[in-house]
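Enquirer: Take a look at this one; I'll ask things after.
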Amino acid sequence: MSYIDLKSPPKREDRLKACIAHGGTICEMAGAKGKKSCLHDDGERSFTQGSICLILPALAMLNTLPDNVVLLHSAIGCGGCTHSQNSNVRFGGTVRWGRPKDGIWLSTAMDETDVITGGEEKLEKAIIEADRRYRPFSITVVAGCVPGIIGDDIDGVVQRVQPQVTAKLLPVHCEGFKTKIWATAYDAVYHGIGRTLLREGEQAPTEDGLAPFKGLERLPRTVNLMNVSSMGRVDEVELERLLTTLGLDVNVFPVFAHPENMVKATQAALSVSTCPTHDDYFLGYLEERFGVPSLIRHMPIGIENTGLWLRDVAARFGDEEKAERIIEHEERELREALAVFRPLFEGKRVFISAGEFRALATARLLEELGFTVTGIRSFHHDEFAEVEYRKLANSSKEDYVVDIANVQPFEEANLLKRLKPDLFLGHANGNGTAAKLGIPTHVIYNTGLAYIGYRGVYEVARRLYRQLKNPIYNRKLGENLRLPYSDAWYTADPFSHIDQRGGRAA
Amino acid sequence: MSDNFIERPRYVCALGGAAATISALPGGIPILHSASGCAGNFAWAQNGGSGLQVGAYCGTLSIPSSNVQEREVVFGGDARLREQVESTIKVMDGQIFAVLSGCVTEVIGDDIKTVVADFRSQDVPIIGAETGGFKGNSYRGYDLALQALFRDFVERGAAKVKNSVNLWGVAPSADPFWRGNLEGARRLLEALGLTVNSFFTPEDTIENIRTAGSASLNIVVSHVYGVEAARLFEEIHGTPFLSLSLPVGASASEAFLRSVGKALKVSRQKVNTVINREKQAYFRFIEPLTDCLNDLDLQRYAVVVGDANYATALTKFLADDLGWLPELAVCTDPLDDEEKDRLTSQLNVLESRYKTTLVFETDGSRALEHLQRKWPAANGQKYHNAFGPAFVIGSSLERELAQTIGAPHLSVSFPVANRAVLDRGYTGFRGGLRLTEDILSAVVAGR
């Protein structure tokens, strides 16, 4: 039985042995050969700060789906994050279809009575009412912590109600307490898509590999370009540009894809990921059930990595020579354009913080621009990233710190006070610590901005040039604000709250 | 209104409201005893809804959180909480700590009270509140956090000080204009010669909060938010309270000053002097608007969509200060019948005698249906008394409604995704000028 046959996907600490608590160095991380995934058993912190759970990345994807209603089955606050993600939905709609449209999300707003009596009946009625009121193509039923803990069977409810409604119902399991690796969200959403929208089309294996969705043709020059909302339209356009130059057609999947057309993903000749943290689960499913092979290494962020990514794709179509010509041309143009920025960047020390692959690929990009990496914080660690750590260990003159932490800004504050970098790049809602220490900052991921491909390198450089040309705003923040940490904390070992013995006592 | 779901809830949960409240106190450090994602969810909600304000001294992803997992669900989370509090007071530099429970730890029955009591007995300035998300929304969490503060932190037995008042009723970050609104109300009270403790403004200190029991009156600028806490305060510390409308604009501010003056027996002469001074200044600013207001025919029909504070306060402002026609007010909070009655009575008799319709509807997109019930769309007839020219004042989610009826729009109530808000507030006479500026600016934006 494969994972897709289960009600919900396994958590990544089980499936990939992913970990979130480790203080190490780039050389150590690069030398982790032979060990599966985390270098050690995952640690536990005796002090922790809040972070996100899988419901946030899951909603970031689901809210973009046109003609879909997100129905959260949880307490009233879960999904509040959508207020921020909605701007991506609006902006994404505008750049794709010419007009902004708010996402539609609903909450069953489970109250004390529901906790005691169970929420299945309420969910059942909510699905029926949502179907009648909004008439969507699909309703994604997203379970948060409360149904998980009181034992509501959302799959059972969906099965019972499906015959009574027009919308396709997709259960998506996002019980936050069940996994500490929020990247499990991608698996949860893909799992719902796979089990609900693509299931009926699964074919029996044939000798020449599996067929696409029932009744559909294989499209020999179409590639699936996977985007789980880590790229904005501007980045999709850049990758489409490169792939089109290779003579390929591009099917962006799954954000902003109409659920009715998602079957197209089964027709592609190849699926291309831009980030192993995102897509391995679903690519395995597409390969196993529909015979769509996949590429899942190298993130096309930075000059070298974009080239590696493009070469891999080209090789699958026998277009290696064409790819070399494109890469040579692109790199020459880009390096010339970057020359004006380099003197300001040369030798400046940078600390990078983000999801593991994003952080590592961006670190390479920054090295290419002339920066020196002085530290990295990755939100989690799994085996896919080992090759990336090796790239960085090879390119760096000195060893530097790597903090595996699902955010945990207290460790970062301690590290930044010691390292005093000239620049910090962090995830959304993750730049405040560095900014209040007076360090110039820039967001490492924002779907309105360009990061990917050759265009991304240039635009990142342009933005960093702006930031470094006048960093006085953060400097004044640093002079006038203080972080909420005790003086004693800054003299302590930054990793002193990590217990590496493999989990706290129950 | 649906019994089965809430559309695009315009708030987070009790835990989120409580965390924002504690974060807004001077040196306030929330300690969430919850699953790992709660703090992040609140951070993103603020990012998208609070007028570009996220966090505070200790907010967003800096907030300590026990991040309970399946293991705690099985074995209980008390030990993990104890460990977390122990390490929090070492790592964090705070003046007040507050343990706030979330859904998971409340369902599994963790005993946060005992943990908090143990640390308090060691002189740690720490309080605790049970704020599981299923207890209610942000505003409920605001009230629960205040209750914990009044119960466990504000010193008991203080002698009452004449003309000293506490002020609350505006929930931090749930009202994107909370800072400006508190300051505006505070200035009104100070104009009466009162000493004001407003808990959350830069002028407030943790010491004044500790001695808040000495206030001779508590003023809650809400008919819903913080009212329970005011009852508890009265019970514990013997201070009576006044629950008043959020004083948005000149007419509401005048009524506010008269109510407070009466309750505190401030001389009628003093109250009149303050009001006259403020009104004179107000009308000197208003005076030069007269020509354009008339020449451009800036009177509008209006739809107001907002929380329990704004739905009534903005409607009153439009009707009684601007002389507009707020035909429909939609309150998007889930409220009980008594709370609904309290709000309804606020709009029953307006100074302008304007009759408006107040509906309680948690699903914002249904405002259009409520409007069309009162103002049917044109049916091809030659003469049609349309709902127009119109204006929509609500949250940024009302942009779609405004577009549908072809009206300009201003975001005031959460979520406010499309404005930057720092110290701007709409309370007081000056607040009325700000609001007039913002509303009319939206009307003449294309001029």
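Residues in the structure tokens are numbered from 1 in each chain, the chains being A, B, ... in the order shown, and ligands are numbered from 1 in the order shown.
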If the cut-off is 6 Å, can you tell me the residues of chain B near chain A, counting only C-alpha atoms? I'd like them as a VMD selection string.
Expert: chain B and resid 4 to 8 12 to 13 35 to 37 39 to 41 44 to 45 47 to 49 58 61 to 65 69 to 70 84 87 91 to 93 133 to 134
Enquirer: Which residues, written as a ChimeraX atom specification, have at least one atom at most 9 Å from A:Tyr445, with only C-alpha atoms counted and residues fewer than 3 positions away on the same chain left out?
Expert: /A:230-231,354,358,426-428,448-451
Enquirer: Would you list the contacts of B:Asp333 as an MDAnalysis selection string, taking every protein, DNA or RNA residue within 8 Å and counting only C-alpha atoms, but skipping same-chain residues closer than 4 positions in sequence?
Expert: chainID B and resid 307:308 360:362
Enquirer: Write a file of the just-selected residues containing N, CA and C atoms, as a short mmCIF file (atom, residue, chain, number, x, y, z; two decimals), in the first residue's frame.
Expert:
```cif
data_model
loop_
_atom_site.label_atom_id
_atom_site.label_comp_id
_atom_site.auth_asym_id
_atom_site.auth_seq_id
_atom_site.Cartn_x
_atom_site.Cartn_y
_atom_site.Cartn_z
N ASP B 307 -16.97 45.76 13.58
CA ASP B 307 -17.09 44.99 14.82
C ASP B 307 -18.06 45.71 15.76
N ALA B 308 -18.20 45.19 16.96
CA ALA B 308 -19.23 45.73 17.87
C ALA B 308 -18.94 47.18 18.24
N PHE B 360 -27.14 41.91 12.50
CA PHE B 360 -26.03 41.11 13.01
C PHE B 360 -25.78 39.99 12.02
N GLU B 361 -24.64 40.03 11.41
CA GLU B 361 -24.35 39.10 10.31
C GLU B 361 -22.85 38.80 10.32
N THR B 362 -22.49 37.59 10.67
CA THR B 362 -21.06 37.27 10.74
C THR B 362 -20.44 37.09 9.37
#
```
Enquirer: Show me, as a list in words, the residues that have an atom within 10 Å of stretch 440-443 of chain B when counting only C-alpha atoms, minus same-chain residues fewer than 2 positions from it.
Expert: Leu293, Leu298, Gln299, Arg300, Ala390, Phe391, Ala407, Pro408, His409, Leu410, Leu435, Thr436, Glu437, Asp438, Ala445, Gly446 and Arg447 of chain B
Enquirer: Write out as JSON, numbers by chain the residues lying within 6 Å of B:Val248, counting only C-alpha atoms and excluding same-chain residues fewer than 3 positions away.
Expert: {"B": [252, 426, 427, 428]}
Enquirer: Would you save the residues from that selection as an mmCIF file, in the first residue's frame, using all heavy atoms?
Expert:
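The result, written out as result-v2.cif:
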```
data_model
loop_
_atom_site.group_PDB
_atom_site.id
_atom_site.type_symbol
_atom_site.label_atom_id
_atom_site.label_comp_id
_atom_site.auth_asym_id
_atom_site.auth_seq_id
_atom_site.Cartn_x
_atom_site.Cartn_y
_atom_site.Cartn_z
ATOM 1 N N ALA B 252 -20.062 62.265 19.649
ATOM 2 C CA ALA B 252 -19.842 61.154 20.571
ATOM 3 C C ALA B 252 -18.902 61.573 21.694
ATOM 4 O O ALA B 252 -19.061 61.152 22.846
ATOM 5 C CB ALA B 252 -19.277 59.954 19.816
ATOM 6 N N TYR B 426 -9.522 57.453 15.713
ATOM 7 C CA TYR B 426 -10.720 58.203 15.340
ATOM 8 C C TYR B 426 -11.515 58.667 16.556
ATOM 9 O O TYR B 426 -12.613 59.178 16.420
ATOM 10 C CB TYR B 426 -11.590 57.355 14.410
ATOM 11 C CG TYR B 426 -10.924 57.094 13.067
ATOM 12 C CD1 TYR B 426 -10.919 55.831 12.494
ATOM 13 C CD2 TYR B 426 -10.295 58.144 12.383
ATOM 14 C CE1 TYR B 426 -10.316 55.610 11.258
ATOM 15 C CE2 TYR B 426 -9.680 57.920 11.155
ATOM 16 C CZ TYR B 426 -9.700 56.655 10.597
ATOM 17 O OH TYR B 426 -9.097 56.447 9.386
ATOM 18 N N THR B 427 -10.978 58.473 17.744
ATOM 19 C CA THR B 427 -11.701 58.922 18.932
ATOM 20 C C THR B 427 -11.398 60.387 19.209
ATOM 21 O O THR B 427 -10.374 60.918 18.784
ATOM 22 C CB THR B 427 -11.316 58.084 20.162
ATOM 23 O OG1 THR B 427 -9.891 58.090 20.284
ATOM 24 C CG2 THR B 427 -11.820 56.669 20.044
ATOM 25 N N GLY B 428 -12.307 61.008 19.939
ATOM 26 C CA GLY B 428 -12.138 62.406 20.314
ATOM 27 C C GLY B 428 -12.556 63.326 19.181
ATOM 28 O O GLY B 428 -12.916 62.887 18.089
#
```
Enquirer: Taking only C-alpha atoms into account, name the residue in A:Asn474, A:Ser8, A:Leu198, A:Gly24 that is nearest to A:Arg377.
Expert: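 Of A:Asn474, A:Ser8, A:Leu198, A:Gly24, the one nearest A:Arg377 is A:Gly24, counting only C-alpha atoms.
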Enquirer: For the structure I just gave you, how does DSSP split stretch 41-160 of chain A - specifically, which residues are strand (DSSP E)? Reply as a PyMOL selection string.
Expert: chain A and resi 44-45+68-73+105-107+138-143
Enquirer: Output C-alpha atoms for every residue in that selection, as a PDB file, in the first residue's frame.
Expert:
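Heads up, here's the output in out-v7.pdb:
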```pdb
ATOM      1  CA  GLU A  44      14.335  19.073  21.746  1.00  0.00           C
ATOM      2  CA  ARG A  45      14.516  22.609  23.063  1.00  0.00           C
ATOM      3  CA  ASN A  68     -12.589  26.590  -4.540  1.00  0.00           C
ATOM      4  CA  VAL A  69     -13.931  27.292  -1.046  1.00  0.00           C
ATOM      5  CA  VAL A  70     -11.675  26.605   1.916  1.00  0.00           C
ATOM      6  CA  LEU A  71     -13.676  25.262   4.829  1.00  0.00           C
ATOM      7  CA  LEU A  72     -11.681  25.097   8.035  1.00  0.00           C
ATOM      8  CA  HIS A  73     -12.909  22.662  10.593  1.00  0.00           C
ATOM      9  CA  TRP A 105     -12.542  30.825   3.423  1.00  0.00           C
ATOM     10  CA  LEU A 106     -14.962  29.670   6.091  1.00  0.00           C
ATOM     11  CA  SER A 107     -14.556  28.328   9.583  1.00  0.00           C
ATOM     12  CA  SER A 138     -14.471  22.139  -4.971  1.00  0.00           C
ATOM     13  CA  ILE A 139     -14.484  22.530  -1.206  1.00  0.00           C
ATOM     14  CA  THR A 140     -11.275  21.808   0.650  1.00  0.00           C
ATOM     15  CA  VAL A 141     -12.128  20.642   4.145  1.00  0.00           C
ATOM     16  CA  VAL A 142      -9.131  21.508   6.300  1.00  0.00           C
ATOM     17  CA  ALA A 143      -8.898  19.969   9.752  1.00  0.00           C
TER      18      ALA A 143
END
```
Enquirer: B:Ser216: which residues within 9 Å, counting only C-alpha atoms, same-chain residues fewer than 4 positions away excluded, as an NGL selection string?
Expert: :B and (160-166 or 238-241 or 264)
Enquirer: Go ahead and write the residues just picked, C-alpha atoms, as a JSON list (two decimals), in the first residue's frame.
Expert:
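What landed in part-v5.json:
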```json
[["chain", "number", "residue", "atom", "x", "y", "z"],
["B", 160, "LYS", "CA", -9.31, 54.89, 46.04],
["B", 161, "VAL", "CA", -7.84, 58.02, 44.54],
["B", 162, "LYS", "CA", -10.30, 60.71, 43.47],
["B", 163, "ASN", "CA", -10.29, 61.55, 39.76],
["B", 164, "SER", "CA", -8.13, 58.57, 38.95],
["B", 165, "VAL", "CA", -9.62, 56.34, 36.25],
["B", 166, "ASN", "CA", -8.76, 53.26, 34.25],
["B", 238, "GLY", "CA", -14.66, 47.71, 44.34],
["B", 239, "THR", "CA", -14.32, 50.15, 41.46],
["B", 240, "PRO", "CA", -17.55, 50.79, 39.53],
["B", 241, "PHE", "CA", -17.51, 51.06, 35.76],
["B", 264, "LEU", "CA", -17.32, 61.45, 38.67]]
```
Enquirer: Where does DSSP see alpha helix (DSSP H) in stretch 39-272 of chain B, if you list the residues as a ChimeraX atom specification?
Expert: /B:39-49,70-75,78-91,103-107,112-120,138-152,178-191,206-210,227-237,249-263,268-272
Enquirer: Which residues, written as a PyMOL selection string, have at least one atom at most 12 Å from A:Asp399, with only C-alpha atoms counted and residues fewer than 5 positions away on the same chain left out?
Expert: chain A and resi 24-30+372-376+389-390+392-394
Enquirer: Write a file of the selected residues as a PDB file, in the first residue's frame, keeping N, CA, C and O atoms.
Expert:
```pdb
ATOM      1  N   GLY A  24      24.847  23.372  14.494  1.00  0.00           N
ATOM      2  CA  GLY A  24      26.025  22.775  13.887  1.00  0.00           C
ATOM      3  C   GLY A  24      26.789  23.777  13.047  1.00  0.00           C
ATOM      4  O   GLY A  24      26.664  24.988  13.245  1.00  0.00           O
ATOM      5  N   THR A  25      27.570  23.263  12.112  1.00  0.00           N
ATOM      6  CA  THR A  25      28.329  24.138  11.219  1.00  0.00           C
ATOM      7  C   THR A  25      28.209  23.616   9.797  1.00  0.00           C
ATOM      8  O   THR A  25      27.800  22.482   9.573  1.00  0.00           O
ATOM      9  N   ILE A  26      28.603  24.440   8.859  1.00  0.00           N
ATOM     10  CA  ILE A  26      28.445  24.076   7.447  1.00  0.00           C
ATOM     11  C   ILE A  26      29.275  22.843   7.104  1.00  0.00           C
ATOM     12  O   ILE A  26      28.820  21.958   6.372  1.00  0.00           O
ATOM     13  N   CYS A  27      30.489  22.766   7.649  1.00  0.00           N
ATOM     14  CA  CYS A  27      31.340  21.609   7.336  1.00  0.00           C
ATOM     15  C   CYS A  27      30.756  20.334   7.921  1.00  0.00           C
ATOM     16  O   CYS A  27      30.757  19.284   7.295  1.00  0.00           O
ATOM     17  N   GLU A  28      30.239  20.464   9.130  1.00  0.00           N
ATOM     18  CA  GLU A  28      29.643  19.304   9.772  1.00  0.00           C
ATOM     19  C   GLU A  28      28.419  18.831   8.982  1.00  0.00           C
ATOM     20  O   GLU A  28      28.253  17.630   8.716  1.00  0.00           O
ATOM     21  N   MET A  29      27.572  19.776   8.582  1.00  0.00           N
ATOM     22  CA  MET A  29      26.374  19.405   7.836  1.00  0.00           C
ATOM     23  C   MET A  29      26.750  18.778   6.496  1.00  0.00           C
ATOM     24  O   MET A  29      26.086  17.870   6.011  1.00  0.00           O
ATOM     25  N   ALA A  30      27.817  19.271   5.885  1.00  0.00           N
ATOM     26  CA  ALA A  30      28.236  18.767   4.580  1.00  0.00           C
ATOM     27  C   ALA A  30      28.854  17.383   4.695  1.00  0.00           C
ATOM     28  O   ALA A  30      28.854  16.615   3.744  1.00  0.00           O
ATOM     29  N   THR A 372      29.969  37.244   1.693  1.00  0.00           N
ATOM     30  CA  THR A 372      30.519  36.110   2.427  1.00  0.00           C
ATOM     31  C   THR A 372      29.462  35.634   3.415  1.00  0.00           C
ATOM     32  O   THR A 372      28.941  36.435   4.196  1.00  0.00           O
ATOM     33  N   VAL A 373      29.157  34.358   3.355  1.00  0.00           N
ATOM     34  CA  VAL A 373      28.135  33.818   4.263  1.00  0.00           C
ATOM     35  C   VAL A 373      28.760  33.630   5.648  1.00  0.00           C
ATOM     36  O   VAL A 373      29.845  33.069   5.788  1.00  0.00           O
ATOM     37  N   THR A 374      28.053  34.110   6.654  1.00  0.00           N
ATOM     38  CA  THR A 374      28.582  34.017   8.018  1.00  0.00           C
ATOM     39  C   THR A 374      27.719  33.149   8.923  1.00  0.00           C
ATOM     40  O   THR A 374      28.086  32.833  10.044  1.00  0.00           O
ATOM     41  N   GLY A 375      26.579  32.740   8.427  1.00  0.00           N
ATOM     42  CA  GLY A 375      25.719  31.859   9.211  1.00  0.00           C
ATOM     43  C   GLY A 375      24.425  31.578   8.467  1.00  0.00           C
ATOM     44  O   GLY A 375      23.990  32.376   7.639  1.00  0.00           O
ATOM     45  N   ILE A 376      23.867  30.395   8.759  1.00  0.00           N
ATOM     46  CA  ILE A 376      22.603  30.002   8.116  1.00  0.00           C
ATOM     47  C   ILE A 376      21.694  29.409   9.170  1.00  0.00           C
ATOM     48  O   ILE A 376      22.145  28.666  10.041  1.00  0.00           O
ATOM     49  N   TYR A 389      24.423  21.539   1.198  1.00  0.00           N
ATOM     50  CA  TYR A 389      25.414  21.879   2.226  1.00  0.00           C
ATOM     51  C   TYR A 389      26.823  21.641   1.675  1.00  0.00           C
ATOM     52  O   TYR A 389      27.748  22.391   1.954  1.00  0.00           O
ATOM     53  N   ARG A 390      26.976  20.590   0.869  1.00  0.00           N
ATOM     54  CA  ARG A 390      28.310  20.305   0.316  1.00  0.00           C
ATOM     55  C   ARG A 390      28.751  21.403  -0.652  1.00  0.00           C
ATOM     56  O   ARG A 390      29.899  21.827  -0.644  1.00  0.00           O
ATOM     57  N   LEU A 392      28.016  24.475  -0.488  1.00  0.00           N
ATOM     58  CA  LEU A 392      28.407  25.649   0.293  1.00  0.00           C
ATOM     59  C   LEU A 392      29.703  25.412   1.046  1.00  0.00           C
ATOM     60  O   LEU A 392      30.540  26.308   1.172  1.00  0.00           O
ATOM     61  N   ALA A 393      29.876  24.188   1.555  1.00  0.00           N
ATOM     62  CA  ALA A 393      31.130  23.886   2.266  1.00  0.00           C
ATOM     63  C   ALA A 393      32.309  24.015   1.301  1.00  0.00           C
ATOM     64  O   ALA A 393      33.382  24.496   1.671  1.00  0.00           O
ATOM     65  N   ASN A 394      32.094  23.617   0.050  1.00  0.00           N
ATOM     66  CA  ASN A 394      33.168  23.716  -0.945  1.00  0.00           C
ATOM     67  C   ASN A 394      33.506  25.162  -1.285  1.00  0.00           C
ATOM     68  O   ASN A 394      34.665  25.503  -1.512  1.00  0.00           O
TER      69      ASN A 394
END
```
Enquirer: To one decimal in Å, tell me the separation between atom CA of B:Leu335 and atom CA of B:Val224.
Expert: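 So the two atoms, atom CA of B:Leu335 and atom CA of B:Val224, lie 8.7 Å apart.
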Enquirer: Just checking: using only C-alpha atoms, which residue out of A:Tyr281, A:Tyr465, A:Leu437, A:Gly318 ends up closest to A:Lys348?
Expert: A:Tyr465
